[in-house]
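As structure tokens, the structure follows; a few thoughts come after it.
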Amino acid sequence: MILEHPNISKSNLPKLVEKLIIIDPDLKCIVTKYGYPPLWSRQPGFATLVHIILEQQVSLASAAAAFNKLKTASNEVTPSSFLLYNDEELKKFGFSRQKTLYCRILAESILNGKLNLESLQKMSDSEIGTTLTEIKGIGRWTSDIYLLMVLLRPDIWPKGDIALAASYGMLKQIPKRPNQNDLELIAEKWKPWRSLAARLLWHYYLSEKAG
């Protein structure tokens, strides 16, 4: 597979952001005020997908707390090591019953060969999305975050991300934040750099909260 646009890297992130802010001057205000966003990235593999599943519909802090308890208890977070824990142990780590089920299915899918995470690197964005969302518990947002944060693809819009909607409302100074369908349509104008737009909006959201 030949990518039409380069994956995001630490070296090319500023240049790609500069391409994006030509499209939307309001995004340029973020760079002017807070600089370029960090290159938030994560390691590929099962452990990261577990962490992203934990982040579904909860705060990043609570998800990190649960994941860190799992990580502390395990020498390494692998499909095999995860399946050694029973429901009660995972509950003590902070896993809900539903997320315990999702992570078990993910672990089993990797061990039985249904899902090969290493092969994702060679796939297109749409192929990766289809492959990941075939696994119960992995929806659009989870697969998009993996594409954006792990595989560093440049044109991913993680529909359903509440912080992005809040950040956009703050940036555009509108009284009511857009719903997720409207925001996805708005994001169309940022193609082919929607991942950069998401990173800028997260950067703005976190910077404003910190201030």
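Chain identifiers are assigned as A, B, and so on, following the order in which chains appear in the structure tokens; residues are numbered from 1 within each chain, and ligands are numbered from 1 in order of appearance.
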Spatial neighbours of Ala107 (chain A), 8 Å, only C-alpha atoms, chain gap at least 3 places, as JSON, numbers by chain: {"A": [46, 78, 79, 80, 82, 83, 103, 104, 110, 111]}
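Residue neighbourhood of Gly129 (chain A), excluding near-sequence residues (fewer than 6 positions): Arg140, Ser143 and Asp144 of chain A, at 8 Å, using only C-alpha atoms.
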Could the residues in this selection be written to a file with N, CA and C atoms, as a PDB file, in the first residue's frame?
ATOM      1  N   ARG A 140     -16.008   2.729  16.029  1.00  0.00           N
ATOM      2  CA  ARG A 140     -15.385   3.742  15.168  1.00  0.00           C
ATOM      3  C   ARG A 140     -14.363   4.584  15.937  1.00  0.00           C
ATOM      4  N   SER A 143     -11.121   2.566  16.889  1.00  0.00           N
ATOM      5  CA  SER A 143     -10.266   2.286  15.731  1.00  0.00           C
ATOM      6  C   SER A 143      -9.627   3.572  15.203  1.00  0.00           C
ATOM      7  N   ASP A 144     -10.371   4.676  15.251  1.00  0.00           N
ATOM      8  CA  ASP A 144      -9.812   5.947  14.785  1.00  0.00           C
ATOM      9  C   ASP A 144      -8.678   6.439  15.679  1.00  0.00           C
TER      10      ASP A 144
END
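With only C-alpha atoms as the atoms that count, the minimum distance from Val77 (chain A) to the choices A:Ala64, A:Ala47, A:Leu27, A:Val58 is reached by A:Ala47.
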For Trp141 (chain A): contacts at 10 Å, only C-alpha atoms, fewer than 2 positions along chain excluded, given as a PyMOL selection string: chain A and resi 52-53+56+129+133+138-139+143-147+157-161
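Residue nearest Ile135 (chain A), chosen from A:Leu201, A:Leu115, A:Ile162, A:Ala66 and counting only C-alpha atoms: A:Leu115.
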In chain A, DSSP helix (DSSP H, G or I) residues written as a VMD selection string: chain A and resid 13 to 23 25 to 34 46 to 54 60 to 73 79 to 82 87 to 93 97 to 111 117 to 122 125 to 133 140 to 150 162 to 172 180 to 190 194 to 210
All residues 10 Å or closer to region 29-40 of chain A, only C-alpha atoms, same chain fewer than 6 positions away omitted, as JSON, numbers by chain: {"A": [8, 9, 10, 11, 13, 14, 17, 18, 21, 148, 149, 150, 152, 171, 196, 197, 198, 199, 200, 201, 202, 203, 204, 205, 207, 208]}
Output file for the residues above (N, CA and C atoms, as a compact mmCIF listing (two decimals), in the first residue's frame):
# COMPACT_ATOMS: atom_id res chain seq x y z
N ILE A 8 2.26 11.16 10.10
CA ILE A 8 2.74 12.26 10.92
C ILE A 8 3.98 11.82 11.69
N SER A 9 4.96 12.70 11.76
CA SER A 9 6.17 12.43 12.53
C SER A 9 6.56 13.71 13.25
N LYS A 10 7.49 13.59 14.16
CA LYS A 10 7.95 14.77 14.90
C LYS A 10 8.56 15.80 13.95
N SER A 11 9.23 15.32 12.91
CA SER A 11 9.91 16.24 11.99
C SER A 11 8.96 16.94 11.03
N LEU A 13 5.51 17.33 11.51
CA LEU A 13 4.28 17.86 12.12
C LEU A 13 4.12 19.37 11.90
N PRO A 14 5.15 20.20 12.16
CA PRO A 14 4.97 21.64 11.94
C PRO A 14 4.61 21.98 10.49
N VAL A 17 0.99 21.05 9.87
CA VAL A 17 0.11 22.00 10.53
C VAL A 17 0.02 23.29 9.71
N GLU A 18 1.14 23.74 9.16
CA GLU A 18 1.14 24.95 8.35
C GLU A 18 0.26 24.79 7.11
N ILE A 21 -3.48 25.13 8.50
CA ILE A 21 -3.99 26.42 8.98
C ILE A 21 -4.23 27.42 7.86
N LEU A 148 -4.95 7.20 14.52
CA LEU A 148 -4.40 8.55 14.71
C LEU A 148 -3.18 8.55 15.63
N MET A 149 -3.29 7.87 16.75
CA MET A 149 -2.25 7.94 17.78
C MET A 149 -1.14 6.90 17.63
N VAL A 150 -1.50 5.75 17.09
CA VAL A 150 -0.51 4.66 16.98
C VAL A 150 0.11 4.61 15.59
N LEU A 152 -0.34 6.91 13.30
CA LEU A 152 0.01 8.29 12.93
C LEU A 152 -0.45 8.67 11.52
N LEU A 171 -13.33 27.44 20.50
CA LEU A 171 -12.53 28.14 19.50
C LEU A 171 -13.38 29.07 18.65
N LEU A 196 -4.43 16.32 11.97
CA LEU A 196 -3.74 17.51 12.48
C LEU A 196 -4.75 18.46 13.12
N ALA A 197 -5.94 18.57 12.53
CA ALA A 197 -6.98 19.41 13.11
C ALA A 197 -7.38 18.87 14.49
N ALA A 198 -7.54 17.56 14.60
CA ALA A 198 -7.88 16.96 15.89
C ALA A 198 -6.79 17.23 16.91
N ARG A 199 -5.55 17.08 16.50
CA ARG A 199 -4.43 17.33 17.43
C ARG A 199 -4.39 18.79 17.88
N LEU A 200 -4.65 19.70 16.95
CA LEU A 200 -4.68 21.12 17.31
C LEU A 200 -5.82 21.43 18.28
N LEU A 201 -6.98 20.84 18.03
CA LEU A 201 -8.13 21.10 18.90
C LEU A 201 -7.92 20.49 20.29
N TRP A 202 -7.32 19.32 20.37
CA TRP A 202 -6.97 18.73 21.69
C TRP A 202 -5.97 19.64 22.41
N HIS A 203 -4.99 20.11 21.64
CA HIS A 203 -3.96 21.00 22.18
C HIS A 203 -4.60 22.26 22.76
N TYR A 204 -5.53 22.82 22.02
CA TYR A 204 -6.24 24.03 22.46
C TYR A 204 -7.06 23.74 23.72
N TYR A 205 -7.78 22.64 23.70
CA TYR A 205 -8.64 22.27 24.83
C TYR A 205 -7.83 22.10 26.11
N SER A 207 -4.75 23.18 26.72
CA SER A 207 -4.06 24.43 27.07
C SER A 207 -4.98 25.42 27.74
N GLU A 208 -6.22 25.50 27.22
CA GLU A 208 -7.20 26.41 27.82
C GLU A 208 -7.57 25.96 29.23
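With distances restricted to only C-alpha atoms, A:Asn7 is the closest residue to Gln121 (chain A) from A:Ser96, A:Asn179, A:Asn7, A:Asn68.
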